[in-house]
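A.B. asks: I'd like to ask you about the structure that follows.
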Amino acid sequence: MDQEYERRLLRQINHQNVPTEARLSKLRDGAADRVEQMVQCHHVVPVRSSVSRGVCVSATCSPVSVNSGDRFIPTRAGSNWSINFHYANENCRSPSQTHKAKDASSDSSKDTVAYAALLRNELLGAGIEMVSDLHTDDRRHTVLSQDSHGLFRYTVHTKRVPFDSDNEVSPYSLSPLSNKSHKLLRSPRKPARKISKIPFKVLDAPELQDDFYLNLVDWSAGNLLSVGLGACVYLWSACTSQVTRLCDLSVDGDSVTSVCWNERGSLVAVGTHKGYVQIWDAAGGRKLTSLEGHSARVGALAWNGEQLSSGSRDRVILQRDVRTPPSTERRLQGHRQEVCGLKWSPDHQHLASGGNDNKLLVWNSSSLLPVQQYSDHLAAVKAIAWSPHQHGLLVSGGGTADRCLRFWNTLTGQALQSTDTGSQVCNLAWSKHANELVSTHGYSQNQILVWKYPSLTQVAKLTGHSYRVLYLAVSPDGEAIVTGAGDETLRFWNVFSKTRCTKESKSVLNLFTRIR
């Protein structure tokens, strides 16, 4: 017998004598080795099972026979995959980019959002009828995707109702869009807020002083603008554009340092460099009285009914009733340097004063000492404004070394919040209709900023003045503002809307809501 044939015959006999379990174990080990090699090449995760002749991948079993080759084909029968395109956009954007995209108010951004909702309706059957529903859908997807960072999301596809009147297109419609998409396109959209970056009127103001501590511009309830230019006070009518000269102090060797209208718009107070306060009748063009008491220039004035408060470089605040003799005056002493800002609260109960000593003081109508004192500012406090929407809310702005807007709750004496504006704060004013405010600035950007409160987001940034924007006044209707600067120009801007704020206090503790 040939030795090679004998060797093959003995190998065959020995193979037949091996136990069946040993052979099966050897086959399973060989199959497992082949699967592991395939996993390393294709990144498929196998799951071992107790089945003696198979390997289970993703809960779907593919039997492996003894005579099978090395090729592994997983069975995907019964798997319904939904590809959510929402994650492809959201996972690539940072949280700040997503926040900016949602807060964008331009027409192009809103059109982009509406277009994205339209694509979801037609491709994914999202059923969005309004743009606000899109944000709700975004939040729902965000919650679902907290544990997933990939592009694909595998879920069991939910079966849609075949005859849904809201989703099915009418057989008579020529549009390829569904009813949900039609409702989306017909849904009302809030018009975008647009603030013109260009003033609608510019007036020359020769000899308008470039002095941070003066207040030379004010707008009356009768739509008259008073401006102090050098030694004269001029009145400009917003209705007729007529200019008249109210007074000339050059005959006395004096100059104008502040102007302020009373609430009715009939009287205008004029502070002078020599420390006098003159009361003028605007309609008659005549001086009613001249009040003494200050030993230095009067840079700040504020009316409270028939009472007039004046702040001076002599560090004293005088409060006088123009109907009574000058002897009945109240002297408020609390500042250590020049008083450069004065404002009465809307309820006529508290007076806020700012000084060059970096202090903000709050006075009531009965005490001769300040009831509150704030010393967080690092520079002179000229810009002061009380909120007409929230009782006791006061905002103040600091000079060049401070540059901050600070908000105070005068009911509790607490500081609320602050923001760095990046430049000297010269003036502040609240909108009469919305919870917004405007600030004018000096060194070094000379800009005008419109803010939303309480978010303190910038609504608009207006530029045009080449010097510090030292003067600010709001029109009687609360829509326009006028700004003045050392470049000897007055610029008129439309910054506030006429739409009144709908959020009102419903508390039973607010007695003013019960008054008819």
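FYI, nothing fancy with the structure tokens labels: chains A, B, ... in order, residues from 1 per chain, ligands from 1 as they appear.
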Which neighbours of A:Leu246 fall inside 6 Å, counting only C-alpha atoms, when residues of the same chain fewer than 3 positions from it are skipped, and could you give them as a ChimeraX atom specification?

C.D. replies: /A:233-234,285

A.B. asks: Using only C-alpha atoms, which residues sit within 10 Å of A:Gln373 once same-chain residues fewer than 4 positions away are excluded, as a ChimeraX atom specification?

C.D. replies: /A:334,352-353,359-363,410,413

A.B. asks: Would you export the selected residues with N, CA and C atoms as a PDB file, in the first residue's frame, please?

C.D. replies:
```pdb
ATOM      1  N   GLY A 334     -26.133 116.413  50.989  1.00  0.00           N
ATOM      2  CA  GLY A 334     -25.671 115.033  51.108  1.00  0.00           C
ATOM      3  C   GLY A 334     -24.494 114.731  50.205  1.00  0.00           C
ATOM      4  N   ALA A 352     -34.270 111.413  43.162  1.00  0.00           N
ATOM      5  CA  ALA A 352     -32.953 110.798  42.992  1.00  0.00           C
ATOM      6  C   ALA A 352     -31.968 111.861  42.539  1.00  0.00           C
ATOM      7  N   SER A 353     -30.800 111.883  43.158  1.00  0.00           N
ATOM      8  CA  SER A 353     -29.776 112.861  42.809  1.00  0.00           C
ATOM      9  C   SER A 353     -28.442 112.153  42.606  1.00  0.00           C
ATOM     10  N   LYS A 359     -21.756 109.312  43.942  1.00  0.00           N
ATOM     11  CA  LYS A 359     -22.844 108.861  44.811  1.00  0.00           C
ATOM     12  C   LYS A 359     -24.192 109.046  44.118  1.00  0.00           C
ATOM     13  N   LEU A 360     -25.082 108.120  44.389  1.00  0.00           N
ATOM     14  CA  LEU A 360     -26.483 108.209  43.984  1.00  0.00           C
ATOM     15  C   LEU A 360     -27.322 108.207  45.259  1.00  0.00           C
ATOM     16  N   LEU A 361     -28.061 109.292  45.492  1.00  0.00           N
ATOM     17  CA  LEU A 361     -28.849 109.450  46.704  1.00  0.00           C
ATOM     18  C   LEU A 361     -30.330 109.486  46.369  1.00  0.00           C
ATOM     19  N   VAL A 362     -31.148 108.970  47.276  1.00  0.00           N
ATOM     20  CA  VAL A 362     -32.602 108.985  47.133  1.00  0.00           C
ATOM     21  C   VAL A 362     -33.173 109.708  48.346  1.00  0.00           C
ATOM     22  N   TRP A 363     -34.021 110.717  48.073  1.00  0.00           N
ATOM     23  CA  TRP A 363     -34.638 111.533  49.117  1.00  0.00           C
ATOM     24  C   TRP A 363     -36.145 111.355  49.050  1.00  0.00           C
ATOM     25  N   THR A 410     -35.481 100.611  44.744  1.00  0.00           N
ATOM     26  CA  THR A 410     -35.499 101.573  45.842  1.00  0.00           C
ATOM     27  C   THR A 410     -36.506 101.196  46.922  1.00  0.00           C
ATOM     28  N   GLY A 413     -33.939  98.758  48.604  1.00  0.00           N
ATOM     29  CA  GLY A 413     -32.572  99.236  48.709  1.00  0.00           C
ATOM     30  C   GLY A 413     -31.540  98.293  48.141  1.00  0.00           C
TER      31      GLY A 413
END
```

A.B. asks: Looking at only C-alpha atoms, which of A:Val256, A:Leu411, A:Cys239, A:Val277 is the one that sits closest to A:Leu394?

C.D. replies: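 Closest residue, counting only C-alpha atoms: A:Leu411.
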
A.B. asks: Considering only C-alpha atoms, state which residue in the set A:Asp252, A:Glu263, A:Asp281, A:Asp204 is at the smallest distance from A:Gly305.

C.D. replies: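 Among A:Asp252, A:Glu263, A:Asp281, A:Asp204, it is A:Glu263 that comes nearest to A:Gly305.
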
A.B. asks: Which is closer to A:Ser241 than all the others in A:Ala434, A:Leu224, A:Cys260, A:Ala117, using only C-alpha atoms?

C.D. replies: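 Checking each of A:Ala434, A:Leu224, A:Cys260, A:Ala117 against A:Ser241, counting only C-alpha atoms, the winner is A:Leu224.
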
A.B. asks: What is the atom CA of A:Lys201 to atom CA of A:Ala238 distance in Å?

C.D. replies: 10.6 Å

A.B. asks: Can you measure atom CA of A:Ala300 to atom CA of A:Asn215 for me? One decimal in Å is fine.

C.D. replies: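 Going from atom CA of A:Ala300 over to atom CA of A:Asn215, I get 6.4 Å.
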
A.B. asks: Stretch 477-490 of chain A: which residues within 6 Å, counting only C-alpha atoms, same-chain residues fewer than 6 positions away excluded, as a count of residues only?

C.D. replies: 16

A.B. asks: Atom CA of A:Val217 and atom CA of A:Thr463, how far apart in Å?

C.D. replies: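 Atom CA of A:Thr463 sits 19.0 Å away from atom CA of A:Val217.
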
A.B. asks: Pick out each residue of stretch 346-487 of chain A that DSSP on the backbone tags as strand (DSSP E); I need them as number ranges by chain.

C.D. replies: A: 350-355, 360-364, 372-374, 381-386, 393-398, 404-409, 414-420, 425-430, 436-441, 448-452, 458-462, 469-474, 480-485

A.B. asks: Select, from A:Ser178, A:Thr240, A:Asn494, A:Ser226, the residue with the minimum atom-to-atom distance to A:Ala460, counting only C-alpha atoms.

C.D. replies: A:Asn494

A.B. asks: Go through A:Gln278, A:Asn358, A:Thr328, A:Gln3 one by one, measure the shortest atom-to-atom distance of each to A:Leu291 using only C-alpha atoms, and give the residue with the smallest value.

C.D. replies: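 Of A:Gln278, A:Asn358, A:Thr328, A:Gln3, the one nearest A:Leu291, counting only C-alpha atoms, is A:Gln278.
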
A.B. asks: Write out as an NGL selection string each polymer residue whose atoms come within 9 Å of A:Asp357, counting only C-alpha atoms; drop sequence neighbours fewer than 5 positions from it.

C.D. replies: :A and (335-339 or 378-381)

A.B. asks: Now that the selection is made, can you save its residues with C-alpha atoms as a PDB file, in the first residue's frame?

C.D. replies:
```
ATOM      1  CA  HIS A 335     -23.262 115.315  48.198  1.00  0.00           C
ATOM      2  CA  ARG A 336     -19.609 116.239  48.676  1.00  0.00           C
ATOM      3  CA  GLN A 337     -19.142 117.524  45.130  1.00  0.00           C
ATOM      4  CA  GLU A 338     -21.236 119.083  42.373  1.00  0.00           C
ATOM      5  CA  VAL A 339     -24.806 117.851  41.895  1.00  0.00           C
ATOM      6  CA  LEU A 378     -16.699 104.629  40.099  1.00  0.00           C
ATOM      7  CA  ALA A 379     -17.308 107.964  38.360  1.00  0.00           C
ATOM      8  CA  ALA A 380     -19.718 110.897  38.312  1.00  0.00           C
ATOM      9  CA  VAL A 381     -23.417 110.007  38.214  1.00  0.00           C
TER      10      VAL A 381
END
```

A.B. asks: Which polymer residues have any atom within 9 Å of an atom of A:Leu462, counting only C-alpha atoms, with same-chain residues fewer than 4 positions away left out, as a PDB file with N, CA and C atoms, in the first residue's frame?

C.D. replies:
```pdb
ATOM      1  N   SER A 196     -34.557 103.000  12.488  1.00  0.00           N
ATOM      2  CA  SER A 196     -33.731 103.642  11.478  1.00  0.00           C
ATOM      3  C   SER A 196     -32.412 104.096  12.087  1.00  0.00           C
ATOM      4  N   LYS A 197     -31.331 103.827  11.379  1.00  0.00           N
ATOM      5  CA  LYS A 197     -30.011 104.239  11.830  1.00  0.00           C
ATOM      6  C   LYS A 197     -29.683 105.672  11.434  1.00  0.00           C
ATOM      7  N   ILE A 198     -30.612 106.315  10.747  1.00  0.00           N
ATOM      8  CA  ILE A 198     -30.385 107.680  10.265  1.00  0.00           C
ATOM      9  C   ILE A 198     -31.400 108.600  10.937  1.00  0.00           C
ATOM     10  N   PRO A 199     -30.982 109.734  11.496  1.00  0.00           N
ATOM     11  CA  PRO A 199     -31.938 110.665  12.111  1.00  0.00           C
ATOM     12  C   PRO A 199     -32.877 111.247  11.062  1.00  0.00           C
ATOM     13  N   GLN A 447     -22.020 107.005  21.042  1.00  0.00           N
ATOM     14  CA  GLN A 447     -23.138 106.314  20.417  1.00  0.00           C
ATOM     15  C   GLN A 447     -24.409 106.459  21.243  1.00  0.00           C
ATOM     16  N   ILE A 448     -25.515 106.002  20.641  1.00  0.00           N
ATOM     17  CA  ILE A 448     -26.826 105.966  21.292  1.00  0.00           C
ATOM     18  C   ILE A 448     -27.282 104.512  21.273  1.00  0.00           C
ATOM     19  N   LEU A 449     -27.624 103.967  22.451  1.00  0.00           N
ATOM     20  CA  LEU A 449     -27.999 102.562  22.568  1.00  0.00           C
ATOM     21  C   LEU A 449     -29.426 102.440  23.070  1.00  0.00           C
ATOM     22  N   VAL A 450     -30.165 101.513  22.476  1.00  0.00           N
ATOM     23  CA  VAL A 450     -31.522 101.183  22.909  1.00  0.00           C
ATOM     24  C   VAL A 450     -31.472  99.793  23.527  1.00  0.00           C
ATOM     25  N   TRP A 493     -34.400 111.146  16.335  1.00  0.00           N
ATOM     26  CA  TRP A 493     -34.424 109.720  16.005  1.00  0.00           C
ATOM     27  C   TRP A 493     -35.771 109.120  16.392  1.00  0.00           C
TER      28      TRP A 493
END
```

A.B. asks: Find the spatial neighbours of A:Arg186, counting only C-alpha atoms, within a cut-off of 12 Å - ignore same-chain residues fewer than 6 positions away - and output them as a VMD selection string.

C.D. replies: chain A and resid 114 118 128 to 131 179 to 180

A.B. asks: I'd like the contact shell of stretch 399-408 of chain A - 6 Å cut-off, only C-alpha atoms, skipping same-chain residues fewer than 3 positions apart - returned as a list in words.

C.D. replies: Leu378, Ala379, Ala380, Leu393, Leu394, Val395, Ser396, Gln414, Ala415, Leu416, Gln417, Ser418, Thr419, Asp420, Thr421, Gly422, Ser423, Gln424 and Val425 of chain A
